[in-house]
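Participant: Sharing run_18.txt, compact mmCIF, C-alpha atoms:
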# COMPACT_ATOMS: atom_id res chain seq x y z
CA GLN A 1 11.69 -33.45 19.47
CA MET A 2 10.07 -32.22 22.67
CA SER A 3 6.65 -33.37 23.77
CA GLY A 4 3.95 -30.79 24.41
CA VAL A 5 4.40 -31.16 28.16
CA GLN A 6 8.17 -30.67 27.88
CA GLY A 7 7.66 -27.61 25.68
CA ALA A 8 5.24 -26.09 28.17
CA HIS A 9 7.70 -26.71 30.98
CA LEU A 10 10.48 -24.98 29.04
CA VAL A 11 8.30 -21.93 28.32
CA ASN A 12 7.34 -21.67 31.97
CA GLN A 13 10.90 -22.20 33.15
CA LYS A 14 12.17 -19.34 30.99
CA LYS A 15 9.39 -17.09 32.35
CA MET A 16 8.30 -15.91 28.91
CA HIS A 17 5.87 -13.01 28.88
CA VAL A 18 4.15 -13.69 25.55
CA LEU A 19 3.59 -16.91 23.59
CA ILE A 20 2.28 -16.69 20.00
CA ASP A 21 0.60 -19.62 18.28
CA LEU A 22 1.44 -19.74 14.54
CA VAL A 23 -0.16 -23.15 13.96
CA GLY A 24 -3.59 -23.43 15.55
CA TYR A 25 -5.45 -26.52 14.35
CA THR A 26 -3.55 -26.82 11.06
CA GLY A 27 -1.39 -29.82 10.20
CA GLY A 28 1.29 -30.69 12.72
CA GLY A 29 -0.14 -28.48 15.43
CA GLU A 30 -0.94 -31.18 17.96
CA ARG A 31 2.12 -30.63 20.17
CA ALA A 32 1.77 -26.87 19.91
CA ASN A 33 -1.81 -27.17 21.13
CA GLU A 34 -0.61 -29.23 24.08
CA VAL A 35 1.84 -26.48 24.98
CA PHE A 36 -0.80 -23.74 24.89
CA ALA A 37 -3.41 -25.85 26.69
CA ALA A 38 -1.00 -26.16 29.61
CA GLN A 39 -1.04 -22.33 29.87
CA PRO A 40 2.67 -21.94 30.61
CA CYS A 41 2.58 -18.25 29.74
CA GLU A 42 0.30 -15.49 30.99
CA LEU A 43 -0.32 -13.85 27.59
CA GLN A 44 -1.05 -16.36 24.82
CA THR A 45 -1.92 -15.04 21.37
CA SER A 46 -3.15 -16.67 18.16
CA TYR A 47 -1.76 -15.42 14.86
CA MET A 48 -1.70 -16.31 11.17
CA GLY A 49 -1.67 -20.12 11.07
CA PHE A 50 -5.34 -20.71 11.85
CA CYS A 51 -7.51 -18.09 10.17
CA ALA A 52 -10.44 -18.24 12.60
CA SER A 53 -11.11 -18.21 16.30
CA THR A 54 -9.55 -21.16 18.11
CA GLY A 55 -12.45 -21.30 20.57
CA ALA A 56 -9.81 -22.13 23.18
CA PRO A 57 -10.25 -20.73 26.71
CA TYR A 58 -6.46 -20.56 27.12
CA MET A 59 -5.93 -18.12 24.21
CA GLN A 60 -6.25 -14.52 25.37
CA HIS A 61 -5.87 -12.56 22.12
CA MET A 62 -5.89 -12.95 18.35
CA VAL A 63 -3.94 -10.67 15.99
CA VAL A 64 -6.30 -9.29 13.32
CA ASP A 65 -7.08 -6.07 11.47
CA LYS A 66 -10.31 -4.12 11.08
CA ILE A 67 -11.07 -5.73 7.71
CA VAL A 68 -10.59 -9.43 8.48
CA ALA A 69 -12.23 -9.07 11.90
CA PRO A 70 -14.04 -5.78 12.50
CA PRO A 71 -14.61 -4.88 16.18
CA GLU A 72 -18.30 -5.66 15.81
CA TYR A 73 -17.33 -9.30 15.04
CA GLN A 74 -15.95 -9.78 18.57
CA ALA A 75 -18.89 -12.00 19.54
CA HIS A 76 -17.66 -14.59 17.02
CA PHE A 77 -14.24 -14.90 18.67
CA SER A 78 -13.39 -16.46 22.00
CA GLU A 79 -10.17 -14.42 22.01
CA ARG A 80 -10.01 -10.67 22.53
CA LEU A 81 -9.28 -9.01 19.18
CA MET A 82 -5.83 -7.44 18.87
CA ILE A 83 -6.46 -5.07 15.96
CA VAL A 84 -3.34 -3.80 14.19
CA PRO A 85 -3.36 -1.09 11.49
CA ASN A 86 -3.31 -1.76 7.75
CA SER A 87 -3.23 -5.54 7.29
CA TYR A 88 -2.55 -8.13 9.99
CA PHE A 89 -0.81 -10.24 7.34
CA CYS A 90 2.98 -10.01 7.57
CA ASN A 91 5.29 -10.49 4.59
CA ASP A 92 8.97 -9.95 3.84
CA HIS A 93 9.04 -9.55 0.04
CA ARG A 94 10.84 -6.19 0.22
CA GLN A 95 13.64 -7.73 2.28
CA GLN A 96 14.39 -10.48 -0.25
CA LYS A 97 17.04 -8.96 -2.52
CA SER A 98 16.68 -11.68 -5.15
CA TRP A 99 13.00 -10.74 -5.55
CA ALA A 100 13.58 -6.99 -5.92
CA ALA A 101 13.45 -6.85 -9.72
CA ILE A 102 10.37 -9.05 -10.06
CA GLY A 103 7.42 -6.84 -10.98
CA ALA A 104 9.46 -3.66 -10.56
CA THR A 105 9.22 -2.64 -14.23
CA PRO A 106 6.22 -2.45 -16.58
CA PRO A 107 5.46 -5.74 -18.36
CA ALA A 108 6.06 -6.49 -22.03
CA THR A 109 3.34 -5.15 -24.30
CA THR A 110 4.27 -6.04 -27.88
CA ALA A 111 3.12 -9.41 -29.19
CA ALA A 112 6.69 -10.54 -29.82
CA ALA A 113 7.89 -9.55 -26.34
CA VAL A 114 4.92 -11.24 -24.66
CA ALA A 115 5.50 -14.46 -26.59
CA ALA A 116 9.21 -14.41 -25.71
CA ALA A 117 8.51 -13.88 -22.00
CA ARG A 118 6.03 -16.77 -21.92
CA GLY A 119 8.21 -19.04 -24.03
CA PRO A 120 10.01 -20.85 -21.17
CA TYR A 121 6.66 -21.95 -19.72
CA THR A 122 5.19 -24.53 -22.05
CA GLU A 123 1.75 -24.43 -20.43
CA LEU A 124 1.24 -20.78 -21.38
CA PRO A 125 -0.18 -19.64 -24.72
CA GLY A 126 2.03 -17.32 -26.75
CA ARG A 127 -0.67 -14.68 -26.91
CA GLY A 128 -3.97 -13.78 -25.35
CA LEU A 129 -5.01 -12.44 -21.95
CA LEU A 130 -3.93 -14.47 -18.92
CA LEU A 131 -6.47 -14.49 -16.07
CA ALA A 132 -4.70 -16.29 -13.26
CA CYS A 133 -5.64 -17.88 -9.97
CA PHE A 134 -2.81 -19.55 -8.07
CA ASN A 135 -4.92 -20.61 -5.10
CA GLN A 136 -5.34 -24.23 -4.18
CA LEU A 137 -8.12 -25.65 -6.32
CA TYR A 138 -10.34 -26.52 -3.35
CA LYS A 139 -10.92 -22.77 -2.86
CA ILE A 140 -12.86 -22.51 -6.14
CA ASP A 141 -16.60 -22.65 -5.51
CA GLU A 142 -19.35 -23.03 -8.08
CA ALA A 143 -20.46 -19.39 -7.98
CA VAL A 144 -17.10 -17.82 -8.79
CA PHE A 145 -16.28 -20.53 -11.34
CA LYS A 146 -19.49 -19.64 -13.16
CA VAL A 147 -18.38 -15.99 -13.27
CA TRP A 148 -15.00 -17.01 -14.71
CA MET A 149 -16.60 -19.18 -17.37
CA GLY A 150 -18.89 -16.31 -18.37
CA VAL A 151 -15.87 -14.07 -18.91
CA LEU A 152 -14.05 -16.71 -20.99
CA LYS A 153 -17.06 -17.28 -23.23
CA LYS A 154 -17.35 -13.55 -23.95
CA GLU A 155 -13.62 -13.05 -24.47
CA VAL A 156 -12.45 -16.01 -26.55
CA LYS A 157 -8.83 -14.80 -26.58
CA ALA A 158 -8.63 -14.94 -22.76
CA HIS A 159 -7.21 -17.89 -20.84
CA LEU A 160 -7.77 -19.06 -17.27
CA TRP A 161 -4.41 -19.99 -15.74
CA LEU A 162 -4.55 -22.29 -12.70
CA LEU A 163 -2.07 -24.47 -10.83
CA LYS A 164 -2.10 -28.24 -10.54
CA PHE A 165 -2.60 -27.76 -6.85
CA PRO A 166 -3.53 -30.52 -6.24
CA PRO A 167 -3.20 -32.48 -9.54
CA VAL A 168 -6.10 -34.77 -8.63
CA ALA A 169 -8.55 -31.88 -9.09
CA VAL A 170 -7.46 -30.94 -12.62
CA SER A 171 -9.73 -33.37 -14.49
CA SER A 172 -12.79 -32.09 -12.62
CA ILE A 173 -11.96 -28.47 -13.46
CA VAL A 174 -11.45 -29.36 -17.14
CA LYS A 175 -14.77 -31.20 -17.26
CA GLU A 176 -16.68 -28.36 -15.59
CA ALA A 177 -15.16 -25.84 -18.00
CA ALA A 178 -16.13 -27.97 -21.01
CA ASP A 179 -19.66 -28.40 -19.65
CA SER A 180 -19.85 -24.60 -19.37
CA GLY A 181 -19.10 -24.22 -23.08
CA VAL A 182 -15.50 -23.03 -22.71
CA ARG A 183 -12.87 -24.26 -25.17
CA LYS A 184 -10.38 -26.75 -23.76
CA ASP A 185 -7.37 -24.58 -24.67
CA GLN A 186 -8.78 -21.65 -22.67
CA VAL A 187 -7.98 -23.33 -19.35
CA VAL A 188 -4.29 -24.00 -18.71
CA PHE A 189 -2.48 -25.47 -15.72
CA GLY A 190 1.01 -24.90 -14.39
CA HIS A 191 3.09 -26.77 -11.83
CA THR A 192 4.11 -25.36 -8.47
CA LEU A 193 7.62 -23.88 -8.48
CA PRO A 194 10.24 -22.68 -5.98
CA LYS A 195 9.42 -19.20 -4.68
CA LYS A 196 11.63 -17.02 -6.89
CA GLU A 197 10.71 -18.89 -10.07
CA TYR A 198 7.07 -18.85 -9.02
CA LEU A 199 7.12 -15.05 -8.64
CA GLU A 200 8.88 -14.59 -11.98
CA ARG A 201 6.25 -16.70 -13.74
CA ALA A 202 3.39 -15.07 -11.84
CA ALA A 203 4.45 -11.66 -13.16
CA LEU A 204 3.36 -12.84 -16.62
CA ALA A 205 -0.31 -12.88 -15.58
CA ASP A 206 -2.47 -9.97 -16.70
CA LEU A 207 -5.01 -10.17 -13.88
CA PHE A 208 -5.40 -12.33 -10.77
CA LEU A 209 -8.89 -13.61 -10.00
CA ASP A 210 -9.39 -14.27 -6.31
CA THR A 211 -11.68 -16.90 -4.81
CA PRO A 212 -14.23 -15.23 -2.49
CA LEU A 213 -15.14 -18.30 -0.43
CA VAL A 214 -11.54 -18.80 0.72
CA ASN A 215 -9.31 -15.91 -0.34
CA ALA A 216 -5.77 -15.88 -1.56
CA HIS A 217 -3.53 -15.14 1.42
CA THR A 218 0.19 -15.65 0.68
CA SER A 219 -0.66 -15.95 -3.01
CA ALA A 220 -2.25 -12.50 -2.89
CA THR A 221 0.88 -10.86 -1.48
CA ASP A 222 2.94 -12.73 -4.07
CA VAL A 223 0.99 -11.53 -7.09
CA LEU A 224 0.76 -7.96 -5.79
CA TRP A 225 4.53 -7.95 -5.31
CA ALA A 226 4.90 -9.30 -8.85
CA GLY A 227 2.96 -6.28 -10.07
CA VAL A 228 -0.18 -8.19 -11.03
CA PRO A 229 -3.51 -6.55 -10.15
CA MET A 230 -6.24 -8.66 -8.61
CA ILE A 231 -9.97 -8.54 -8.15
CA THR A 232 -11.49 -9.86 -4.94
CA THR A 233 -14.56 -9.48 -2.76
CA ALA A 234 -15.21 -10.13 0.91
CA ARG A 235 -17.68 -12.42 2.62
CA GLU A 236 -18.33 -12.71 6.35
CA SER A 237 -15.74 -15.21 7.58
CA MET A 238 -12.19 -14.15 8.37
CA ILE A 239 -10.75 -16.55 5.80
CA SER A 240 -12.79 -14.82 3.10
CA ARG A 241 -11.65 -11.29 4.01
CA VAL A 242 -7.85 -11.53 3.84
CA ALA A 243 -7.36 -10.46 0.21
CA PRO A 244 -9.47 -7.30 0.67
CA SER A 245 -7.34 -6.54 3.74
CA LEU A 246 -4.18 -6.83 1.63
CA CYS A 247 -5.56 -4.72 -1.23
CA LEU A 248 -6.64 -1.94 1.13
CA ALA A 249 -3.27 -2.00 2.91
CA GLY A 250 -1.76 -1.67 -0.56
CA SER A 251 -3.84 1.48 -1.19
CA LEU A 252 -5.71 -0.38 -3.92
CA PRO A 253 -9.39 -0.20 -2.90
CA GLN A 254 -10.48 -0.37 -6.56
CA MET A 255 -9.54 -4.06 -6.50
CA VAL A 256 -12.20 -4.90 -3.89
CA ALA A 257 -15.69 -5.48 -5.29
CA PRO A 258 -18.71 -5.08 -2.97
CA ASN A 259 -20.19 -8.41 -4.06
CA LEU A 260 -19.76 -11.25 -6.54
CA GLN A 261 -21.95 -9.62 -9.18
CA GLU A 262 -19.79 -6.49 -9.18
CA TYR A 263 -16.69 -8.70 -9.09
CA GLY A 264 -17.77 -10.23 -12.40
CA ALA A 265 -18.62 -6.83 -13.88
CA ILE A 266 -15.21 -5.39 -12.95
CA VAL A 267 -13.37 -8.37 -14.39
CA SER A 268 -15.35 -8.12 -17.64
CA GLN A 269 -14.63 -4.40 -17.89
CA LEU A 270 -10.90 -4.89 -17.38
CA VAL A 271 -10.79 -7.72 -19.91
CA HIS A 272 -12.47 -5.60 -22.57
CA LYS A 273 -10.71 -2.31 -21.75
CA PRO A 274 -6.93 -2.88 -21.87
CA ARG A 275 -6.17 0.73 -20.94
CA HIS A 276 -8.08 0.38 -17.67
CA LEU A 277 -6.19 -2.82 -16.90
CA ALA A 278 -2.87 -1.15 -17.73
CA ARG A 279 -3.63 1.71 -15.32
CA LEU A 280 -4.53 -0.76 -12.58
CA ARG A 281 -1.32 -2.66 -13.20
CA GLU A 282 0.72 0.53 -12.91
CA ALA A 283 -1.03 1.37 -9.63
CA THR A 284 -0.14 -2.10 -8.35
CA ARG A 285 3.51 -1.63 -9.27
CA VAL A 286 3.69 1.75 -7.54
CA ALA A 287 2.02 0.37 -4.40
CA ARG A 288 5.00 -1.93 -3.78
CA ASN A 289 7.01 0.99 -2.49
CA ASP A 290 4.42 3.60 -1.56
CA SER A 291 1.94 1.64 0.58
CA PRO A 292 2.23 0.02 4.03
CA LEU A 293 1.58 -3.46 2.61
CA PHE A 294 5.23 -4.41 2.10
CA ASP A 295 6.68 -2.29 4.92
CA THR A 296 7.71 -5.11 7.23
CA GLN A 297 9.37 -2.89 9.82
CA LEU A 298 6.21 -0.82 10.15
CA TRP A 299 4.23 -4.02 10.72
CA VAL A 300 6.72 -5.12 13.39
CA ASP A 301 6.46 -1.75 15.15
CA HIS A 302 2.67 -1.99 15.23
CA LEU A 303 2.76 -5.56 16.58
CA ASP A 304 5.23 -4.48 19.26
CA VAL A 305 2.81 -1.77 20.40
CA ALA A 306 -0.12 -4.23 20.31
CA LEU A 307 1.64 -6.83 22.44
CA THR A 308 2.74 -4.18 24.93
CA MET A 309 -0.83 -2.91 25.22
CA ALA A 310 -2.10 -6.47 25.64
CA TRP A 311 0.40 -7.12 28.41
CA GLU A 312 -0.59 -3.90 30.15
CA SER A 313 -4.28 -4.84 29.86
CA ARG A 314 -3.50 -8.16 31.57
CA ALA A 315 -1.66 -6.29 34.31
CA ALA A 316 -4.69 -4.03 34.77
CA GLN A 317 -6.94 -7.08 34.95
CA ARG A 318 -4.71 -8.62 37.62
CA ALA A 319 -4.99 -5.42 39.62
CA LEU A 320 -8.79 -5.44 39.32
CA ARG A 321 -8.94 -9.02 40.53
CA LYS A 322 -6.66 -8.23 43.42
CA ASP A 323 -8.85 -5.29 44.42
CA ALA A 324 -11.93 -7.49 44.11
CA LYS A 325 -10.65 -9.95 46.69
CA GLY A 326 -12.52 -9.60 49.90
CA VAL A 327 -15.52 -8.06 48.15
CA GLU A 328 -18.62 -10.19 48.66
CA GLY A 329 -18.86 -12.66 45.82
CA GLY A 330 -15.49 -11.65 44.44
CA MET A 331 -15.09 -11.89 40.65
CA LYS A 332 -17.39 -14.73 39.81
CA GLN A 333 -16.55 -15.05 36.13
CA LYS A 334 -12.98 -15.73 35.16
CA GLY A 335 -13.24 -16.25 31.40
CA VAL A 336 -10.66 -14.86 29.00
CA GLY A 337 -11.07 -11.33 30.31
CA GLY A 338 -8.73 -8.54 29.33
CA PHE A 339 -9.48 -5.71 26.94
CA HIS A 340 -9.61 -5.08 23.22
CA VAL A 341 -6.33 -3.86 21.76
CA ILE A 342 -6.63 -1.38 18.88
CA VAL A 343 -3.42 0.19 17.57
CA ARG A 344 -3.40 3.49 15.68
CA ALA A 345 -1.40 3.50 12.46
CA ARG A 346 2.03 5.09 12.34
CA GLN A 347 3.05 6.49 8.99
CA SER A 348 5.69 4.44 7.16
Now, as a test, write the supplied structure out as C-alpha cells.

Facilitator:
Amino acid sequence: QMSGVQGAHLVNQKKMHVLIDLVGYTGGGERANEVFAAQPCELQTSYMGFCASTGAPYMQHMVVDKIVAPPEYQAHFSERLMIVPNSYFCNDHRQQKSWAAIGATPPATTAAAVAAARGPYTELPGRGLLLACFNQLYKIDEAVFKVWMGVLKKEVKAHLWLLKFPPVAVSSIVKEAADSGVRKDQVVFGHTLPKKEYLERAALADLFLDTPLVNAHTSATDVLWAGVPMITTARESMISRVAPSLCLAGSLPQMVAPNLQEYGAIVSQLVHKPRHLARLREATRVARNDSPLFDTQLWVDHLDVALTMAWESRAAQRALRKDAKGVEGGMKQKGVGGFHVIVRARQS
C-alpha cells in the first residue's frame, strides 16, 4: 500500500545495491515508475515486464540476450544492454513437480487414442491435425493470418486452434476465416484455463504457429515444455524476437524461419509430411532436459554474473568521474554512462 515516494525512501534507507524493474509501462506500473524515477538505488535495471527500451534516463541497464537485442541494436535503447547467454527469458517449468509428466512422453498416435485424449475438451475435433496458437488474439496480423488460411485451404483435415483471448475478438476471426474460404469447423476456440490444465491441454496440439508481429513469450515456453514444436520468425523489434530466442536456447534452430514466406513453407511441409513433424516433436521433447532453456539455476548464475559486472562497471565509472574532477571542463556529459555487459555462457 506504499506510495511511490514511500517505496523509494524504503529502498534508499535499506541501501540496496540493485533495483530491477519487472513492470515498466505495463498495467499497474505507475507506482513502480515513481520509485525508479526517484533514483533511490545506484544500479537500476529493466527486465521482462516491458519488452522494449523504457527511454528513461534513470534506468542504467536492460537484461536482454543477443537474439532479442543484438549488440548492434544498442542505439535503439536508452539503457546499456546487459546481454546474458542463451535466452534472457526466465522460466521455472522444470521446478514445478506437478508439471513434470506433461509432454515428457510421446503423444498418442492411433486414431482411437487421439480421440480419447481430446475427448474432455469439447471444442476440439476428434481427429485431424491441430495447428495451435495460444497467443492473445491482438497479436495476429493480416500477413500471418493469410499464411494460416492458405495452409487450412490446402489441408482440409487441419484445424486452427485459438483461445477466446479476448472473447470479443472471436467473431472477427471467424468472419475473416470464412471470407478467406476456410470452413467454419476448421477454426476452433478454447477457453483460458489454470496453468496445469492449460499445459495438459496444450500438449494435444500438433504444431504451434507463432505470431511474428508480437511473438509468443510465456506461451512459447509453455508449449515447448508441453512437447509441442513451434514455427516462428523474427522481425526487428524486441517483442518480435522472443520466440526465436527461446527456440535457439532450446537447441531448436530448425523452428526459426528466416522470413514469413519460409515460415509458411515450413508449416506446409510439416503439415503434409507427418514423419518430419514427428521428428521435430521428438526433438522438442528431448530439448526439455538437454538444452539450457529450462535450466533455471543456470539462468540465475548468468544473471548473478551480469549484475556483478554491471555493478563493477558503475564503480569504474565513479572512479573515472572522480579522476576527472579538477580537469578543465570535467565530464560534461552525464547521461546513463556505464559499459555494456556481455556474459559468456557456462555449460549447464

Participant: Report, in Å with one decimal, the straight-line distance from atom CA of Pro85 of chain A to atom CA of Asp65 of chain A.

Facilitator: 6.2 Å

Participant: With distances taken over only C-alpha atoms, which residue among A:Leu320, A:Ala112, A:Leu207, A:Val343 lies nearest Leu277 of chain A?

Facilitator: A:Leu207

Participant: If I take atom CA of Ile102 of chain A and atom CA of Ser219 of chain A, how far is one from the other in Å, to one decimal?

Facilitator: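 One can read the atom CA of Ile102 of chain A to atom CA of Ser219 of chain A distance as 14.8 Å.
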
Participant: Using only C-alpha atoms, find all polymer residues with an atom at most 8 Å away from the point (1.4, -12.6, -22.5); report them as an NGL selection string.

Facilitator: :A and (108-109 or 111 or 114-115 or 117-118 or 125-130 or 204-206)

Participant: If we count only C-alpha atoms, what is near Ala169 of chain A at a cut-off of 12 Å, once residues fewer than 6 positions away on the same chain are taken out, given as a ChimeraX atom specification?

Facilitator: /A:136-140,162-163,175-176,189

Participant: Residues of segment 174-266 of chain A within 12 Å of segment 31-54 of chain A: nearest atom pair and distance (Å, one decimal) for each, counting only C-alpha atoms, sorted by chain and number, as a tab-separated table?

Facilitator:
residue	atom	partner	partner_atom	distance
A:Val214	CA	A:Cys51	CA	10.3
A:Asn215	CA	A:Cys51	CA	10.9
A:His217	CA	A:Met48	CA	10.0
A:Thr218	CA	A:Met48	CA	10.7
A:Glu236	CA	A:Ala52	CA	11.5
A:Ser237	CA	A:Ala52	CA	7.9
A:Met238	CA	A:Ala52	CA	6.1
A:Ile239	CA	A:Cys51	CA	5.7
A:Ser240	CA	A:Cys51	CA	9.4
A:Arg241	CA	A:Cys51	CA	10.1
A:Val242	CA	A:Cys51	CA	9.1

Participant: One decimal, Å: what's the distance from atom CA of Trp311 of chain A over to atom CA of Val11 of chain A, could you say?

Facilitator: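 Computing it gives 16.8 Å between the two atoms.
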
Participant: Check the smallest atom-to-atom distance from each of A:Ala178, A:Val84, A:Gly27, A:Leu10 to Val305 of chain A using only C-alpha atoms, then report the winner.

Facilitator: A:Val84

Participant: Determine the nearest neighbour of Met82 of chain A from the options A:Lys184, A:Arg321, A:His272, A:His302, counting all atoms listed in the file.

Facilitator: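 Ranking A:Lys184, A:Arg321, A:His272, A:His302 by distance to Met82 of chain A, first place goes to A:His302.
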
Participant: Using only C-alpha atoms, which of A:Leu199, A:Val63, A:Val223, A:Val18 sits nearest Arg314 of chain A?

Facilitator: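 Of A:Leu199, A:Val63, A:Val223, A:Val18, the one nearest Arg314 of chain A, counting only C-alpha atoms, is A:Val18.
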
Participant: Leaving out Ser78 of chain A and any residue of its chain fewer than 6 positions from it, which residues lie within 8 Å of it when counting all atoms listed in the file, given as a ChimeraX atom specification?

Facilitator: /A:53-57,59,336

Participant: List as CSV every residue of segment 159-275 of chain A that is in contact with segment 147-153 of chain A, defined as an atom at most 9 Å from one of its atoms (using all atoms listed in the file), together with the nearest atom pair and the distance in Å rounded to one decimal, sorted by chain and then rising number.

Facilitator:
residue,atom,partner,partner_atom,distance
A:His159,CA,A:Leu152,CA,6.9
A:Leu160,CA,A:Leu152,CA,7.7
A:Ala177,CA,A:Met149,CA,6.8
A:Ser180,CA,A:Met149,CA,6.6
A:Gly181,CA,A:Lys153,CA,7.2
A:Val182,CA,A:Lys153,CA,6.0
A:Arg183,CA,A:Lys153,CA,8.4
A:Gln186,CA,A:Leu152,CA,7.4
A:Leu209,CA,A:Trp148,CA,8.4
A:Leu260,CA,A:Val147,CA,8.3
A:Gln261,CA,A:Val147,CA,8.4
A:Tyr263,CA,A:Val147,CA,8.6
A:Gly264,CA,A:Val147,CA,5.9
A:Val267,CA,A:Val151,CA,7.7
A:Ser268,CA,A:Val151,CA,6.1
A:Val271,CA,A:Val151,CA,8.2

Participant: Return the single residue from A:Glu79, A:Ala265, A:Val188, A:Pro166 that is closest to Thr122 of chain A, with distances computed using only C-alpha atoms.

Facilitator: A:Val188

Participant: Enumerate, as a PyMOL selection string, the protein, DNA and RNA residues whose atoms approach (-0.8, -3.5, -12.8) to within 9 Å, taking into account all atoms listed in the file and the coordinate frame of the file.

Facilitator: chain A and resi 106-107+206-207+224+227-230+277-286
